[in-house]
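To be precise, the following lines are work01.txt, and they hold compact mmCIF, C-alpha atoms.
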```txt
# COMPACT_ATOMS: atom_id res chain seq x y z
CA MET R 484 -81.97 48.41 -222.86
CA SER R 485 -82.40 45.44 -220.59
CA VAL R 486 -80.16 42.46 -219.99
CA GLU R 487 -81.76 39.41 -221.57
CA LEU R 488 -78.88 36.96 -221.06
CA LEU R 489 -75.92 37.40 -218.70
CA THR R 490 -72.94 35.07 -219.06
CA ILE R 491 -70.22 34.94 -216.40
CA GLN R 492 -67.04 32.87 -216.25
CA ASN R 493 -64.61 32.78 -213.32
CA PHE R 494 -65.90 35.99 -211.73
CA ARG R 495 -65.45 35.60 -207.96
CA ASN R 496 -67.30 32.39 -206.99
CA LEU R 497 -69.35 32.34 -210.20
CA ALA R 498 -67.46 29.73 -212.24
CA ASN R 499 -69.69 29.25 -215.28
CA THR R 500 -73.02 31.01 -215.00
CA GLN R 501 -75.85 32.08 -217.29
CA VAL R 502 -78.89 34.07 -216.20
CA ASN R 503 -81.97 34.85 -218.32
CA PHE R 504 -83.42 37.96 -216.73
CA HIS R 505 -86.93 39.37 -216.82
CA LYS R 506 -87.00 42.57 -218.86
CA LYS R 507 -88.51 44.56 -215.97
CA LEU R 508 -88.15 43.20 -212.45
CA ASN R 509 -85.80 40.59 -210.97
CA PHE R 510 -85.03 39.37 -207.46
CA ILE R 511 -81.90 37.47 -206.45
CA ILE R 512 -82.04 35.71 -203.07
CA GLY R 513 -79.04 34.27 -201.27
CA LYS R 514 -77.14 34.28 -198.00
CA ASN R 515 -74.05 36.42 -197.52
CA GLY R 516 -71.20 34.99 -199.56
CA SER R 517 -73.51 33.01 -201.85
CA GLY R 518 -72.66 35.05 -204.96
CA LYS R 519 -75.78 37.21 -205.30
CA SER R 520 -73.90 40.51 -205.05
CA SER R 521 -71.29 39.17 -207.48
CA ILE R 522 -73.99 39.01 -210.16
CA LEU R 523 -74.66 42.73 -209.71
CA GLU R 524 -70.93 43.38 -209.59
CA ALA R 525 -70.47 41.62 -212.94
CA ILE R 526 -73.16 43.77 -214.60
CA PHE R 527 -71.71 46.90 -213.00
CA PHE R 528 -68.22 45.97 -214.21
CA LEU R 529 -69.49 45.68 -217.76
CA GLY R 530 -70.98 49.18 -217.59
CA HIS R 531 -68.16 50.91 -215.74
CA GLY R 532 -65.01 48.90 -216.34
CA LYS R 533 -64.48 48.51 -212.61
CA SER R 534 -65.99 46.99 -209.49
CA PHE R 535 -68.08 48.80 -206.90
CA ARG R 536 -66.53 46.59 -204.20
CA THR R 537 -62.77 46.78 -204.78
CA ASN R 538 -60.09 48.70 -206.67
CA LYS R 539 -58.03 45.52 -207.05
CA THR R 540 -59.42 44.11 -210.29
CA ASP R 541 -57.18 41.05 -210.30
CA THR R 542 -58.73 39.78 -207.05
CA ILE R 543 -62.07 39.37 -208.82
CA VAL R 544 -60.85 36.40 -210.88
CA THR R 545 -61.89 33.05 -209.40
CA TYR R 546 -59.08 31.49 -207.38
CA ASP R 547 -56.56 29.52 -209.45
CA HIS R 548 -57.74 31.05 -212.76
CA GLU R 549 -56.12 33.69 -214.96
CA GLN R 550 -59.11 35.34 -216.61
CA PHE R 551 -62.71 36.31 -216.01
CA ILE R 552 -65.34 36.99 -218.69
CA VAL R 553 -68.62 38.91 -218.43
CA SER R 554 -70.93 39.32 -221.40
CA ILE R 555 -74.56 40.18 -222.05
CA LYS R 556 -77.10 39.99 -224.82
CA ASP R 557 -79.70 42.72 -224.51
CA ASP R 558 -83.34 42.84 -225.56
CA LEU R 559 -82.30 44.17 -228.99
CA ALA R 560 -79.84 41.28 -229.53
CA LYS R 561 -76.85 43.57 -229.01
CA GLN R 562 -73.87 41.81 -227.41
CA LEU R 563 -71.39 43.43 -225.03
CA GLY R 564 -68.46 41.70 -223.38
CA ILE R 565 -65.40 42.34 -221.25
CA SER R 566 -62.66 40.04 -219.99
CA ARG R 567 -59.61 40.56 -217.81
CA ASN R 568 -56.46 38.45 -218.00
CA ILE R 569 -54.43 38.98 -214.84
CA LYS R 570 -51.32 37.29 -216.25
CA LEU R 571 -51.25 39.62 -219.26
CA ALA R 572 -52.67 42.52 -217.21
CA GLN R 573 -55.04 43.55 -219.97
CA PHE R 574 -58.72 43.92 -220.83
CA ASP R 575 -60.43 42.53 -223.90
CA ILE R 576 -63.55 44.52 -224.80
CA LYS R 577 -66.05 43.49 -227.45
CA LEU R 578 -69.16 45.05 -228.97
CA ASN R 579 -71.24 42.75 -231.18
CA GLY R 580 -68.23 40.47 -231.55
CA ASP R 581 -65.85 43.24 -232.66
CA ARG R 582 -62.93 44.18 -230.45
CA VAL R 583 -62.92 47.82 -229.28
CA GLN R 584 -60.15 49.71 -227.53
CA LYS R 585 -61.96 51.90 -225.01
CA LEU R 586 -64.29 51.14 -222.12
CA SER R 587 -66.31 54.19 -223.10
CA ALA R 588 -67.57 52.22 -226.12
CA LEU R 589 -69.39 49.93 -223.69
CA ALA R 590 -70.58 52.76 -221.47
CA LYS R 591 -72.36 54.35 -224.43
CA ASN R 592 -74.44 51.19 -224.79
CA ILE R 593 -75.19 50.33 -221.16
CA ALA R 594 -76.09 52.73 -218.33
CA VAL R 595 -75.85 50.99 -214.96
CA GLN R 596 -77.11 52.77 -211.84
CA ILE R 597 -76.62 51.12 -208.46
CA VAL R 598 -77.46 51.42 -204.76
CA THR R 599 -75.30 49.32 -202.42
CA PRO R 600 -74.01 49.56 -198.85
CA GLU R 601 -71.06 51.42 -200.42
CA SER R 602 -73.43 54.15 -201.66
CA PHE R 603 -73.21 55.84 -198.26
CA LYS R 604 -69.84 57.14 -199.51
CA LEU R 605 -71.87 59.89 -201.19
CA PHE R 606 -72.29 61.30 -197.68
CA PHE R 607 -69.03 60.32 -196.04
CA GLY R 608 -66.55 59.59 -198.85
CA GLY R 609 -65.64 63.14 -199.78
CA PRO R 610 -66.22 65.29 -202.90
CA LYS R 611 -64.66 62.73 -205.25
CA GLU R 612 -67.55 60.30 -204.69
CA ARG R 613 -70.16 62.97 -205.33
CA ARG R 614 -68.36 64.22 -208.46
CA ARG R 615 -68.28 60.67 -209.79
CA PHE R 616 -72.02 60.18 -209.22
CA ILE R 617 -73.02 63.44 -210.91
CA ASP R 618 -70.64 63.03 -213.84
CA LEU R 619 -71.83 59.48 -214.51
CA GLY R 620 -75.35 60.83 -214.88
CA LEU R 621 -74.14 63.69 -217.07
CA PHE R 622 -72.29 61.23 -219.31
CA HIS R 623 -75.62 59.74 -220.39
CA VAL R 624 -77.82 62.84 -220.25
CA GLU R 625 -75.62 65.44 -221.98
CA HIS R 626 -73.95 63.90 -225.02
CA ASN R 627 -71.36 66.72 -225.35
CA PHE R 628 -70.16 66.40 -221.76
CA PRO R 629 -67.78 63.40 -222.17
CA GLN R 630 -65.81 65.14 -224.92
CA GLN R 631 -65.57 68.40 -222.99
CA TRP R 632 -64.55 66.61 -219.80
CA LYS R 633 -61.84 64.68 -221.65
CA LEU R 634 -60.46 67.93 -223.08
CA PHE R 635 -60.64 69.64 -219.68
CA SER R 636 -58.77 66.76 -218.03
CA LYS R 637 -55.93 67.06 -220.56
CA VAL R 638 -55.66 70.81 -220.01
CA LEU R 639 -55.74 70.37 -216.22
CA LYS R 640 -52.94 67.81 -216.45
CA GLN R 641 -50.88 70.13 -218.64
CA ARG R 642 -51.42 73.14 -216.35
CA ASN R 643 -50.46 71.10 -213.28
CA ALA R 644 -47.30 69.93 -215.06
CA CYS R 645 -46.39 73.55 -215.79
CA LEU R 646 -46.95 74.54 -212.17
CA LYS R 647 -44.89 71.64 -210.89
CA SER R 648 -41.99 72.28 -213.24
CA LYS R 649 -42.23 76.05 -212.67
CA VAL R 650 -42.01 77.01 -216.34
CA GLY R 651 -42.22 80.63 -217.47
CA GLN R 652 -45.28 82.71 -216.62
CA LYS R 653 -46.16 83.13 -220.29
CA GLU R 654 -46.68 79.37 -220.72
CA ILE R 655 -48.62 79.10 -217.45
CA ASN R 656 -50.89 81.96 -218.58
CA TYR R 657 -51.53 80.18 -221.88
CA TRP R 658 -52.77 77.03 -220.12
CA THR R 659 -54.59 79.06 -217.47
CA ASP R 660 -56.71 80.75 -220.15
CA LYS R 661 -57.70 77.37 -221.64
CA PHE R 662 -58.26 75.95 -218.16
CA CYS R 663 -60.59 78.78 -217.11
CA HIS R 664 -62.57 78.60 -220.34
CA LEU R 665 -63.14 74.85 -220.07
CA SER R 666 -63.86 75.05 -216.32
CA GLN R 667 -66.69 77.45 -217.08
CA ILE R 668 -68.11 75.11 -219.73
CA ILE R 669 -67.96 72.09 -217.39
CA ALA R 670 -69.48 74.13 -214.56
CA GLN R 671 -72.41 75.16 -216.75
CA TYR R 672 -73.10 71.56 -217.78
CA ARG R 673 -73.09 70.49 -214.15
CA LYS R 674 -75.24 73.39 -212.97
CA SER R 675 -77.88 72.68 -215.64
CA TYR R 676 -77.85 68.98 -214.80
CA ILE R 677 -78.13 69.55 -211.06
CA ASP R 678 -81.11 71.85 -211.65
CA LEU R 679 -82.78 69.00 -213.55
CA LEU R 680 -81.76 66.45 -210.93
CA SER R 681 -83.08 68.61 -208.08
CA LYS R 682 -86.53 68.86 -209.66
CA GLU R 683 -86.60 65.16 -210.46
CA LEU R 684 -85.38 64.26 -206.96
CA ASN R 685 -88.25 66.15 -205.35
CA ASP R 686 -90.77 63.88 -207.10
CA TRP R 687 -89.08 60.74 -205.75
CA LEU R 688 -88.67 62.18 -202.26
CA ILE R 689 -92.42 62.80 -202.16
CA LEU R 690 -92.82 59.03 -202.62
CA LEU R 691 -90.05 57.87 -200.28
CA LEU R 692 -89.52 60.68 -197.74
CA PRO R 693 -92.55 62.97 -198.05
CA ASN R 694 -91.89 64.83 -194.80
CA LEU R 695 -88.39 65.79 -195.88
CA ALA R 696 -89.09 66.75 -199.49
CA PRO R 697 -90.09 70.40 -198.81
CA ILE R 698 -86.97 71.15 -196.71
CA MET R 699 -84.29 69.27 -198.67
CA GLU R 700 -82.03 70.96 -201.21
CA LEU R 701 -78.96 70.29 -203.32
CA ASN R 702 -76.23 72.86 -202.76
CA TYR R 703 -73.90 73.25 -205.76
CA TYR R 704 -70.29 74.44 -205.52
CA GLN R 705 -68.73 74.84 -208.96
CA GLY R 706 -65.12 74.66 -207.74
CA TRP R 707 -64.56 78.37 -207.10
CA SER R 708 -66.60 81.28 -205.76
CA ALA R 709 -69.66 81.97 -207.90
CA LYS R 710 -69.16 85.69 -207.16
CA ARG R 711 -65.72 85.84 -208.80
CA ASN R 712 -64.06 85.05 -212.11
CA LEU R 713 -61.89 81.95 -211.97
CA VAL R 714 -58.91 83.75 -213.46
CA ASP R 715 -58.97 86.22 -210.54
CA VAL R 716 -59.23 83.41 -208.00
CA LEU R 717 -56.23 81.67 -209.57
CA SER R 718 -54.28 84.91 -209.58
CA ASP R 719 -54.79 85.23 -205.82
CA VAL R 720 -53.46 81.71 -205.16
CA SER R 721 -50.71 81.71 -207.81
CA GLU R 722 -47.87 81.53 -205.29
CA LYS R 723 -49.48 78.62 -203.46
CA GLU R 724 -50.10 76.79 -206.74
CA LEU R 725 -46.44 77.10 -207.67
CA ALA R 726 -45.44 75.87 -204.21
CA TYR R 727 -47.80 72.88 -204.27
CA GLY R 728 -47.63 72.10 -208.00
CA TYR R 729 -51.33 71.77 -208.78
CA SER R 730 -54.43 73.83 -209.61
CA MET R 731 -56.22 74.89 -206.43
CA ALA R 732 -59.53 76.00 -207.99
CA GLY R 733 -61.53 75.03 -211.05
CA ALA R 734 -64.05 72.46 -212.25
CA GLN R 735 -62.00 69.62 -210.76
CA LYS R 736 -62.92 70.97 -207.30
CA PHE R 737 -66.68 70.76 -207.90
CA ASP R 738 -68.83 69.45 -205.05
CA ILE R 739 -72.48 69.06 -204.17
CA LYS R 740 -73.96 68.98 -200.68
CA PHE R 741 -77.27 67.53 -199.55
CA LEU R 742 -78.91 69.88 -197.07
CA LEU R 743 -81.89 69.63 -194.77
CA ASN R 744 -82.99 72.98 -193.34
CA LYS R 745 -79.56 74.29 -194.41
CA GLN R 746 -77.77 71.59 -192.39
CA PRO R 747 -75.87 68.52 -193.70
CA LEU R 748 -78.58 65.97 -194.39
CA GLU R 749 -76.56 62.98 -193.13
CA LEU R 750 -76.34 64.57 -189.67
CA MET R 751 -80.07 65.20 -189.43
CA ILE R 752 -81.65 61.87 -190.35
CA SER R 753 -81.42 58.19 -189.44
CA ARG R 754 -79.48 55.51 -191.31
CA GLY R 755 -82.71 54.18 -192.79
CA GLN R 756 -83.71 57.64 -194.00
CA GLN R 757 -80.24 58.10 -195.47
CA LYS R 758 -80.72 54.94 -197.52
CA LEU R 759 -84.15 56.12 -198.70
CA PHE R 760 -82.57 59.40 -199.77
CA LEU R 761 -79.84 57.54 -201.68
CA LEU R 762 -82.54 55.47 -203.36
CA ALA R 763 -84.53 58.59 -204.26
CA LEU R 764 -81.39 60.24 -205.65
CA THR R 765 -80.51 57.19 -207.74
CA LEU R 766 -84.09 56.76 -208.96
CA ALA R 767 -84.07 60.42 -209.98
CA GLN R 768 -80.86 60.02 -211.97
CA THR R 769 -82.11 56.77 -213.48
CA ASN R 770 -85.29 58.47 -214.65
CA LEU R 771 -83.38 61.40 -216.15
CA ILE R 772 -81.28 58.96 -218.18
CA THR R 773 -84.48 57.21 -219.30
CA LYS R 774 -86.02 60.50 -220.49
CA VAL R 775 -83.05 61.27 -222.74
CA LYS R 776 -83.66 57.94 -224.55
CA GLN R 777 -80.04 57.50 -225.67
CA VAL R 778 -79.85 54.25 -223.72
CA LYS R 779 -82.34 52.88 -221.19
CA PRO R 780 -80.65 52.39 -217.80
CA ILE R 781 -80.45 49.30 -215.63
CA LEU R 782 -81.03 49.79 -211.90
CA LEU R 783 -79.25 47.49 -209.43
CA ILE R 784 -80.16 47.47 -205.72
CA ASP R 785 -77.99 45.34 -203.44
CA ASP R 786 -79.20 44.00 -200.07
CA ILE R 787 -82.60 45.65 -200.08
CA GLY R 788 -83.44 44.56 -196.55
CA ALA R 789 -80.57 46.40 -194.86
CA GLU R 790 -81.68 49.56 -192.99
CA LEU R 791 -85.20 49.52 -194.51
CA ASP R 792 -88.31 48.56 -192.55
CA GLN R 793 -91.43 47.14 -194.15
CA TYR R 794 -93.06 50.55 -194.55
CA SER R 795 -90.00 51.86 -196.40
CA ARG R 796 -89.95 48.83 -198.68
CA LEU R 797 -93.64 49.32 -199.50
CA ALA R 798 -92.90 52.93 -200.45
CA LEU R 799 -89.98 51.75 -202.57
CA ALA R 800 -92.22 49.22 -204.33
CA LYS R 801 -94.56 52.04 -205.39
CA ALA R 802 -91.61 54.07 -206.63
CA ILE R 803 -90.14 51.21 -208.67
CA LYS R 804 -93.48 50.73 -210.45
CA GLN R 805 -93.07 54.21 -211.90
CA LEU R 806 -89.69 53.43 -213.48
CA ASP R 807 -89.42 52.48 -217.12
CA CYS R 808 -86.30 50.33 -216.92
CA GLN R 809 -84.99 46.96 -215.81
CA VAL R 810 -84.50 46.53 -212.06
CA ILE R 811 -82.44 43.81 -210.34
CA ILE R 812 -82.67 43.52 -206.55
CA THR R 813 -80.78 41.27 -204.12
CA ALA R 814 -81.78 40.20 -200.62
CA ILE R 815 -80.72 37.59 -198.09
CA ASP R 816 -84.20 36.03 -197.88
CA GLU R 817 -87.67 36.27 -199.41
CA ILE R 818 -89.08 38.02 -196.33
CA ALA R 819 -87.02 41.09 -197.19
CA ILE R 820 -88.56 41.42 -200.64
CA GLU R 821 -92.18 40.51 -199.82
CA PRO R 822 -93.39 44.16 -199.95
CA LEU R 823 -91.81 44.58 -203.40
CA VAL R 824 -93.11 41.46 -205.14
CA PRO R 825 -95.93 42.44 -207.54
CA GLU R 826 -99.20 40.56 -207.35
CA ASP R 827 -99.36 40.15 -211.14
CA LYS R 828 -96.23 37.93 -210.96
CA ASN R 829 -94.59 39.99 -213.69
CA TYR R 830 -91.05 39.29 -212.46
CA LYS R 831 -88.41 36.60 -212.05
CA MET R 832 -86.93 35.33 -208.81
CA PHE R 833 -83.56 33.60 -208.57
CA HIS R 834 -81.85 31.77 -205.72
CA VAL R 835 -78.08 31.62 -205.34
CA LYS R 836 -76.21 29.08 -203.24
CA HIS R 837 -72.43 28.54 -203.38
CA GLY R 838 -72.27 30.31 -206.75
CA GLU R 839 -75.01 28.18 -208.30
CA ILE R 840 -78.13 29.99 -209.57
CA SER R 841 -81.61 28.54 -209.88
CA ILE R 842 -84.85 30.19 -210.93
CA GLU R 843 -87.94 29.91 -208.76
CA SER R 844 -91.03 28.54 -210.48
CA LYS R 845 -94.25 30.48 -209.86
```

Spell out the structure here as structure tokens.
Amino acid sequence: MSVELLTIQNFRNLANTQVNFHKKLNFIIGKNGSGKSSILEAIFFLGHGKSFRTNKTDTIVTYDHEQFIVSIKDDLAKQLGISRNIKLAQFDIKLNGDRVQKLSALAKNIAVQIVTPESFKLFFGGPKERRRFIDLGLFHVEHNFPQQWKLFSKVLKQRNACLKSKVGQKEINYWTDKFCHLSQIIAQYRKSYIDLLSKELNDWLILLLPNLAPIMELNYYQGWSAKRNLVDVLSDVSEKELAYGYSMAGAQKFDIKFLLNKQPLELMISRGQQKLFLLALTLAQTNLITKVKQVKPILLIDDIGAELDQYSRLALAKAIKQLDCQVIITAIDEIAIEPLVPEDKNYKMFHVKHGEISIESK
């Protein structure tokens, strides 16, 4: 899909805004604080039910208002919308005008991938950030994964409750068996996906970081030793689990490391190279989602000029041309995007100032 019309009301400093996007490539230019990143944030919120900038949803509503609204019409005339009323503390979610109860109903219809200054958390934010990135890709690539993950999460919660309340061993064993079975299923989904992602990533690294591509690898940790059965691992830590009240191994402990010559990648390369790697990783996941053809993704890139020199932006321009999806890029000035602007003028460029958006005529 691609966003044809975006409508925003009272979302940060965007009071009443409509944007008609190009189906392929879009640039949004504006100084810091102008509202350009808020446009990406609004699209991201629609796809994920949360912001990439804050966990405090109520702070997103424009000052002195009670509710924000974000809605889109896509290239197939499908309409998606979400609103948040801070006074009632509730969401209102709509699909083609009909109210739906779960955010997942929107996520099935819009796949938003993003690279922002916050994306460096994949290196420095701990396993939780990396799990979230991988599982968001899996959600769109493997249609059985969401259901299995939901079931696993319920079993994990139940097992942890048993450990915390120190119920009888028979009941703990019952939930442990279910937990181990589902952990293995989740682990297999992730392993298969990471194998796909690793191959896809290599193609994009050749474009963006060709010198690093041959010596870079993704190191997968399933959440327990690959040389042992999970039930045996849990047996060894059973006393600690009862003392702490939670499961100490399993699919919830999954992690992935990015290695360069067997060393942590983030310690071996510059900040600019780190951003190129994050772009390559996101492009790889975006392309995998495109290949599945359940829903065509939307790629958002915030503040393209930060950390990237002109050579890097030229390489990125070549990479973007190979994507079959809508791309929306922000920058603080037109100089930052010059290497990415196609000569055929098959794009749209917008300027944002104090929350007001105008389109540049060609």

Which residues of range 496-540 of chain R come within 9 Å of range 560-583 of chain R, and what is each one's closest atom pair and distance in Å (one decimal), counting all atoms listed in the file, sorted by chain and residue number, as a Markdown table?
```
| residue | atom | partner | partner_atom | distance |
| --- | --- | --- | --- | --- |
| R:Phe528 | CA | R:Ile565 | CA | 8.4 |
| R:Leu529 | CA | R:Ile565 | CA | 6.3 |
| R:Gly532 | CA | R:Ile565 | CA | 8.2 |
| R:Thr540 | CA | R:Arg567 | CA | 8.3 |
```

Which residue gives the smallest distance to Ser753 in chain R among R:Ile772, R:Ile689, R:Leu791, R:Ile522, with all atoms listed in the file counted?
R:Leu791

Residue with smallest distance to Gly651 in chain R - pool R:Ile511, R:Ile543, R:Leu725, R:Ala819, counting all atoms listed in the file:
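With all atoms listed in the file as the atom set, the closest residue is R:Leu725.
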
Closest of R:Leu605, R:Leu823, R:Val486, R:Ile752 to Ser795 in chain R - atom-to-atom distances counting all atoms listed in the file:
R:Leu823

Using all atoms listed in the file, which of the listed residues (R:Arg536, R:Lys736, R:Lys519, R:Arg796) sits closest to Leu759 in chain R?
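Smallest separation from Leu759 in chain R among the options: R:Arg796.
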
With a distance cut-off of 10 Å and all atoms listed in the file, select the neighbouring residues of Phe603 in chain R, excluding the residue or stretch itself and same-chain residues fewer than 2 positions from it, and output the selection as a PyMOL selection string.
chain R and resi 598-601+605-608+612+749+754+757-758+761

Find the residues near Met484 in chain R: any atom within 7 Å, counting only C-alpha atoms, skip ones fewer than 6 places away on the same chain, and give them as a short mmCIF file (atom, residue, chain, number, x, y, z; two decimals) with C-alpha atoms, in the coordinates of the input.
```
data_model
loop_
_atom_site.label_atom_id
_atom_site.label_comp_id
_atom_site.auth_asym_id
_atom_site.auth_seq_id
_atom_site.Cartn_x
_atom_site.Cartn_y
_atom_site.Cartn_z
CA ASP R 557 -79.70 42.72 -224.51
CA ASP R 558 -83.34 42.84 -225.56
CA VAL R 778 -79.85 54.25 -223.72
CA LYS R 779 -82.34 52.88 -221.19
CA PRO R 780 -80.65 52.39 -217.80
#
```

Between CA of Leu748 in chain R and CA of Val810 in chain R, what is the spacing in Å?
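Separation between CA of Val810 in chain R and CA of Leu748 in chain R: 26.9 Å.
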
Kindly indicate which residue among R:Ser587, R:Ser730, R:Gln596, R:Ser520 lies nearest to Cys645 in chain R, using all atoms listed in the file for the distances.
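Comparing R:Ser587, R:Ser730, R:Gln596, R:Ser520 against Cys645 in chain R, the winner is R:Ser730.
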
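Taking all atoms listed in the file into account, the residues near (-48.0, 71.6, -207.9), no farther than 9 Å, are Asn643, Ala644, Cys645, Leu646, Lys647, Ser648, Lys649, Lys723, Glu724, Leu725, Ala726, Tyr727, Gly728, Tyr729, Ser730 and Met731 of chain R.
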
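CA of Phe628 in chain R is found 17.9 Å from CA of Ile739 in chain R.
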
For the atom pair CA of Asp715 in chain R and CA of Asn656 in chain R, what is the interatomic distance in Å to one decimal place?
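We find that CA of Asp715 in chain R and CA of Asn656 in chain R lie 12.2 Å from each other.
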
When distances are computed from only C-alpha atoms, which of R:Gln768, R:Thr490, R:Thr500, R:Asn509 shows the smallest separation from Pro825 in chain R?
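Of R:Gln768, R:Thr490, R:Thr500, R:Asn509, the one nearest Pro825 in chain R, counting only C-alpha atoms, is R:Asn509.
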
Do you know which residues lie at most 9 Å from (-68.8, 72.8, -217.3), with coordinates as in the file and all atoms listed in the file counted, and could you write them as a PyMOL selection string?
chain R and resi 628+631-632+665-674+705+734

For the residues in that selection, give me C-alpha atoms as a PDB file, in the coordinates of the input.
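result_21.pdb, written as the output of this step:
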```pdb
ATOM      1  CA  PHE R 628     -70.160  66.400-221.760  1.00  0.00           C
ATOM      2  CA  GLN R 631     -65.570  68.400-222.990  1.00  0.00           C
ATOM      3  CA  TRP R 632     -64.550  66.610-219.800  1.00  0.00           C
ATOM      4  CA  LEU R 665     -63.140  74.850-220.070  1.00  0.00           C
ATOM      5  CA  SER R 666     -63.860  75.050-216.320  1.00  0.00           C
ATOM      6  CA  GLN R 667     -66.690  77.450-217.080  1.00  0.00           C
ATOM      7  CA  ILE R 668     -68.110  75.110-219.730  1.00  0.00           C
ATOM      8  CA  ILE R 669     -67.960  72.090-217.390  1.00  0.00           C
ATOM      9  CA  ALA R 670     -69.480  74.130-214.560  1.00  0.00           C
ATOM     10  CA  GLN R 671     -72.410  75.160-216.750  1.00  0.00           C
ATOM     11  CA  TYR R 672     -73.100  71.560-217.780  1.00  0.00           C
ATOM     12  CA  ARG R 673     -73.090  70.490-214.150  1.00  0.00           C
ATOM     13  CA  LYS R 674     -75.240  73.390-212.970  1.00  0.00           C
ATOM     14  CA  GLN R 705     -68.730  74.840-208.960  1.00  0.00           C
ATOM     15  CA  ALA R 734     -64.050  72.460-212.250  1.00  0.00           C
TER      16      ALA R 734
END
```

Considering all atoms listed in the file, return as an MDAnalysis selection string whatever protein or nucleic-acid residues lie within 10 Å of Asn770 in chain R, sequence-local ones (same chain, fewer than 6 positions apart) excluded.
chainID R and resid 680 683:684 687 764 779:780 805:808

Applying 9 Å and only C-alpha atoms, which residues near Phe760 in chain R remain after dropping the ones on its own chain fewer than 3 positions away? List them as a PDB file with C-alpha atoms, in the frame of the given file.
```
ATOM      1  CA  TRP R 687     -89.080  60.740-205.750  1.00  0.00           C
ATOM      2  CA  LEU R 688     -88.670  62.180-202.260  1.00  0.00           C
ATOM      3  CA  LEU R 691     -90.050  57.870-200.280  1.00  0.00           C
ATOM      4  CA  LEU R 692     -89.520  60.680-197.740  1.00  0.00           C
ATOM      5  CA  GLY R 755     -82.710  54.180-192.790  1.00  0.00           C
ATOM      6  CA  GLN R 756     -83.710  57.640-194.000  1.00  0.00           C
ATOM      7  CA  GLN R 757     -80.240  58.100-195.470  1.00  0.00           C
ATOM      8  CA  ALA R 763     -84.530  58.590-204.260  1.00  0.00           C
ATOM      9  CA  LEU R 764     -81.390  60.240-205.650  1.00  0.00           C
ATOM     10  CA  THR R 765     -80.510  57.190-207.740  1.00  0.00           C
TER      11      THR R 765
END
```

9 Å contact set for His531 in chain R, only C-alpha atoms, chain neighbours under 6 positions out, as a PyMOL selection string:
chain R and resi 586-587+589-590+593-595

Put those residues in a file: C-alpha atoms, as a PDB file, in the frame of the given file.
```pdb
ATOM      1  CA  LEU R 586     -64.290  51.140-222.120  1.00  0.00           C
ATOM      2  CA  SER R 587     -66.310  54.190-223.100  1.00  0.00           C
ATOM      3  CA  LEU R 589     -69.390  49.930-223.690  1.00  0.00           C
ATOM      4  CA  ALA R 590     -70.580  52.760-221.470  1.00  0.00           C
ATOM      5  CA  ILE R 593     -75.190  50.330-221.160  1.00  0.00           C
ATOM      6  CA  ALA R 594     -76.090  52.730-218.330  1.00  0.00           C
ATOM      7  CA  VAL R 595     -75.850  50.990-214.960  1.00  0.00           C
TER       8      VAL R 595
END
```
